[in-house]
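Input: a single structure, listed below in structure tokens.
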Amino acid sequence: MTESFADLAAFGWSNHFQSQCLEDDLAAALPVRVVAVHRNRLEVAGSAIEASVPVFAAGDDAATIGDWLLLDRATHTPMRQLQRKSLFRRKAAGAVQRMQPIAANVDTLFIVTSCNQDFNAARLERYLALAREADVTPLVVLTKADLTDDTRQFLSAALRLAPGLHAETIDARDEASVAALRPWCGQGQTVAVVGSSGVGKSTLINTLLGRDVQATTGIREDDAKGRHTTRGRSMHRLEAGGWMIDTPGMRELQIADASDGLEQVFAEIAELATQCRFADCGHESEPGCAVRNALESGALDPERLRRYRKLAAEERHNSEAVHERRARERGFGKMIKSIVAETKSRGKL
Ligand SMILES: Nc1nc2c(ncn2[C@@H]2O[C@H](COP(=O)(O)OP(=O)(O)OP(=O)(O)O)[C@@H](O)[C@H]2O)c(=O)[nH]1
Ligand SMILES: [Mg+2]
Ligand SMILES: [Zn+2]
């Protein structure tokens with residue numbers, strides 16, 4: 001073995017991954033991290049190796065940006081994908097009832113929005129629920145602070161969206177301003193940067209890198225929407241040793257399989273519900289309803305409750321659809337296996 005684990009640590013390698021590899025595995029294989037995702041290929045990098053390899057696995061488990069793979073030392077073919085420490089994922093866009101991995105083995109998620117019309121509490125709550133579900137620490141990054149006199153209003157609105165949440169307001173083009181984010185970007189740390197098109201994800205990464213690696217373009221003047229400049233996902237190493245994952249602006253962020261994350265983001269509503277007189281209170285007309293009392297006293301914002309109900313209904317609906325699809329496919333897989341077994345036993349295969 002030529003590479004040292006100290007080298008791999010610079011790529012985010014830790015005991016979590018080491019413990020999944022026997023000594024024999026590492027004699028035959030090279031651990032590498034997926035640092036860019038293209039349609040049919042993955043770019044991988046590790047200690048003294050950079051390579052382009054075919055996409056690995058399919059469906060919900062497909063290797064994604066940030067994943068660790070073991071490559072055959074001789075052929076550089078992917079042999080195994082290591083279990084992830086975390087996975088940020090959403091329901092695939094459109095009518096597809098599948099989960100789509102966005103980034104793996106992420107420590108911190110920068111949820112980027114701007115101090116303008118892009119700021120949307122309901123959308124941020126979606127990101128937050130998915131981050132909490134994935135066990136990834138979220139940080140709300142409010143860009144374009146230089147274009148408004150009212151950064152405090154955006155900041156306090158952001159901080160109300162989940163308990164214990166951090167948020168920073170920055171000018172993504174300004175080195176001194178983005179320095180506030182460096183504590184999350186230290187040695188071996190992986191940060192995924194997500195948000196709508198045009199909010200300044202690539203700009204922020206370029207400023208942290210100190211050079212223009214990612215292309216950026218202006219937003220539309222009339223509605224502040226971006227032009228979907230970044231197309232693929234890629235990881236970039238900072239001098240301080242952290243890794244930044246740039247992602248394309250998301251048009252749609254549907255949630256599924258995220259009920260725990262949702263409960264954590266809306267913890268104050270779940271907590272109120274435990275104080276209702278009836279355990280199955282619908283918070284409509286029942287006496288002794290703590291949720292309605294909180295609405296009446298002004299302790300609970302009716303908009304927040306409305307967003308929670310809407311998101312919880314969507315989460316239930318999507319989760320059911322995703323699980324049904326999985327069960328159907330499992331059933332179909334079993335049917336194929338039994339047909340193959342039966343045909344074999346009849347000596348036809
Ligand atoms: N004034 C100001 N402009 C900014 C700031 N952040 C980004 N911009 C500008 O906003 C535009 C869009 O920035 P990008 O970095 O391309 O946005 P993006 O989030 O990567 O967008 P996609 O790649 O399309 O998802 C560019 O013209 C940036 O210069 C900021 O904090 N202040
Ligand atoms: Mg971009
Ligand atoms: Zn109630």
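Here's how to read the names in the structure tokens: chain A, B, ... by the order shown, residue numbers from 1 in each chain, ligand numbers from 1 in the order shown.
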
Output the neighbourhood of ligand 1 as JSON, numbers by chain, that is, all protein and nucleic acid residues with some atom at most 10 Å from the ligand, counting only C-alpha atoms and all ligand atoms.
-> {"A": [112, 113, 114, 115, 141, 142, 143, 144, 145, 146, 147, 148, 169, 170, 171, 172, 173, 174, 177, 178, 193, 194, 195, 196, 197, 198, 199, 200, 201, 202, 203, 204, 205, 206, 207, 214, 215, 216, 217, 218, 219, 220, 224, 225, 226, 227, 228, 229, 230, 231, 232, 246, 247, 248, 249, 250, 251]}

Generate the output file for the selected residues, C-alpha atoms, as an mmCIF file, in the first residue's frame.
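Result file is out26.cif:
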data_model
loop_
_atom_site.group_PDB
_atom_site.id
_atom_site.type_symbol
_atom_site.label_atom_id
_atom_site.label_comp_id
_atom_site.auth_asym_id
_atom_site.auth_seq_id
_atom_site.Cartn_x
_atom_site.Cartn_y
_atom_site.Cartn_z
ATOM 1 C CA VAL A 112 -28.415 29.606 0.247
ATOM 2 C CA THR A 113 -31.071 32.240 -0.407
ATOM 3 C CA SER A 114 -30.794 35.949 -1.134
ATOM 4 C CA CYS A 115 -32.020 39.029 0.702
ATOM 5 C CA VAL A 141 -26.698 31.629 4.109
ATOM 6 C CA LEU A 142 -28.369 34.906 3.122
ATOM 7 C CA THR A 143 -26.497 36.405 0.164
ATOM 8 C CA LYS A 144 -26.766 39.861 -1.444
ATOM 9 C CA ALA A 145 -26.745 41.546 1.962
ATOM 10 C CA ASP A 146 -25.018 44.421 0.127
ATOM 11 C CA LEU A 147 -28.187 45.079 -1.908
ATOM 12 C CA THR A 148 -30.586 45.733 0.983
ATOM 13 C CA THR A 169 -25.831 37.335 5.993
ATOM 14 C CA ILE A 170 -23.044 37.885 3.452
ATOM 15 C CA ASP A 171 -21.955 39.497 0.220
ATOM 16 C CA ALA A 172 -20.879 36.325 -1.602
ATOM 17 C CA ARG A 173 -18.449 38.292 -3.778
ATOM 18 C CA ASP A 174 -16.545 39.697 -0.829
ATOM 19 C CA SER A 177 -17.721 38.887 4.279
ATOM 20 C CA VAL A 178 -17.591 35.139 3.454
ATOM 21 C CA VAL A 193 -24.135 24.331 -1.174
ATOM 22 C CA VAL A 194 -27.789 24.202 -2.253
ATOM 23 C CA GLY A 195 -30.506 26.697 -3.202
ATOM 24 C CA SER A 196 -32.346 28.206 -6.163
ATOM 25 C CA SER A 197 -30.613 29.341 -9.323
ATOM 26 C CA GLY A 198 -29.000 32.771 -9.104
ATOM 27 C CA VAL A 199 -28.658 33.033 -5.321
ATOM 28 C CA GLY A 200 -24.841 33.002 -5.518
ATOM 29 C CA LYS A 201 -23.783 29.421 -4.740
ATOM 30 C CA SER A 202 -20.976 29.375 -7.303
ATOM 31 C CA THR A 203 -20.006 32.967 -6.480
ATOM 32 C CA LEU A 204 -19.625 32.006 -2.819
ATOM 33 C CA ILE A 205 -17.484 28.966 -3.690
ATOM 34 C CA ASN A 206 -15.247 31.057 -5.969
ATOM 35 C CA THR A 207 -14.733 33.621 -3.202
ATOM 36 C CA GLN A 214 -17.127 27.951 -11.318
ATOM 37 C CA ALA A 215 -18.977 30.014 -13.939
ATOM 38 C CA THR A 216 -21.502 32.580 -12.656
ATOM 39 C CA THR A 217 -24.051 34.812 -14.438
ATOM 40 C CA GLY A 218 -26.380 37.669 -13.591
ATOM 41 C CA ILE A 219 -29.992 37.082 -12.606
ATOM 42 C CA ARG A 220 -33.084 38.361 -14.445
ATOM 43 C CA ALA A 224 -34.509 37.999 -9.448
ATOM 44 C CA LYS A 225 -34.518 34.473 -10.949
ATOM 45 C CA GLY A 226 -31.244 32.874 -12.032
ATOM 46 C CA ARG A 227 -30.339 31.329 -15.379
ATOM 47 C CA HIS A 228 -29.302 27.838 -14.282
ATOM 48 C CA THR A 229 -25.624 28.478 -14.913
ATOM 49 C CA THR A 230 -24.235 25.484 -12.979
ATOM 50 C CA ARG A 231 -25.282 22.213 -14.651
ATOM 51 C CA GLY A 232 -23.409 19.392 -12.907
ATOM 52 C CA ASP A 246 -21.458 23.137 -5.884
ATOM 53 C CA THR A 247 -24.903 22.047 -7.102
ATOM 54 C CA PRO A 248 -27.246 23.289 -9.858
ATOM 55 C CA GLY A 249 -30.094 25.550 -8.701
ATOM 56 C CA MET A 250 -33.115 23.419 -7.790
ATOM 57 C CA ARG A 251 -36.442 24.281 -9.410
#

Output as a ChimeraX atom specification all residues of stretch 77-226 of chain A that backbone DSSP marks as strand (DSSP E).
-> /A:78-81,87-91,99-104,108-114,137-143,166-169,190-195

Do a neighbour search on A:Asp223 at 10 Å with only C-alpha atoms, toss out local chain neighbours closer than 6 positions, and write the hits as an mmCIF file with N, CA and C atoms, in the first residue's frame.
data_model
loop_
_atom_site.group_PDB
_atom_site.id
_atom_site.type_symbol
_atom_site.label_atom_id
_atom_site.label_comp_id
_atom_site.auth_asym_id
_atom_site.auth_seq_id
_atom_site.Cartn_x
_atom_site.Cartn_y
_atom_site.Cartn_z
ATOM 1 N N ASN A 116 -33.708 39.024 -1.070
ATOM 2 C CA ASN A 116 -34.591 39.624 -2.086
ATOM 3 C C ASN A 116 -35.800 38.699 -2.253
ATOM 4 N N GLN A 117 -36.476 38.749 -3.440
ATOM 5 C CA GLN A 117 -37.698 37.952 -3.612
ATOM 6 C C GLN A 117 -37.440 36.455 -3.519
ATOM 7 N N ASP A 118 -36.179 36.026 -3.620
ATOM 8 C CA ASP A 118 -35.922 34.580 -3.525
ATOM 9 C C ASP A 118 -36.260 34.048 -2.134
#

Write out as a PyMOL selection string which residues come within 10 Å of stretch 49-63 of chain A when counting only C-alpha atoms, dropping same-chain ones fewer than 4 positions away.
-> chain A and resi 3+30-45+67-69+71+76-82+89+92+98-101+103-104

Can I get the residues close to ligand 3 as a VMD selection string, where close means within 6 Å and we count only C-alpha atoms and all ligand atoms?
-> chain A and resid 273 276 281 to 283 289 to 291

Quick one: DSSP alpha helix (DSSP H) residues in stretch 152-250 of chain A, as a PyMOL selection string?
-> chain A and resi 152-159+175-178+201-209

For stretch 121-132 of chain A, please output as a PyMOL selection string all residues within 6 Å (counting only C-alpha atoms; exclusion window: fewer than 2 positions along the same chain).
-> chain A and resi 134-136+261-262+265

Using only C-alpha atoms and all ligand atoms, which of A:Leu165, A:Val213, A:Leu159, A:Leu70 sits nearest ligand 2?
-> A:Val213

Coordinates-based distance that separates atom CA of A:Phe154 from atom CA of A:Glu268 (Å, one decimal) =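 These atoms are spaced 20.9 Å apart.
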
A:Glu320 environment, 10 Å, only C-alpha atoms, sequence neighbours closer than 5 positions dropped, as an MDAnalysis selection string = chainID A and resid 97 256:257 314:315 325:326
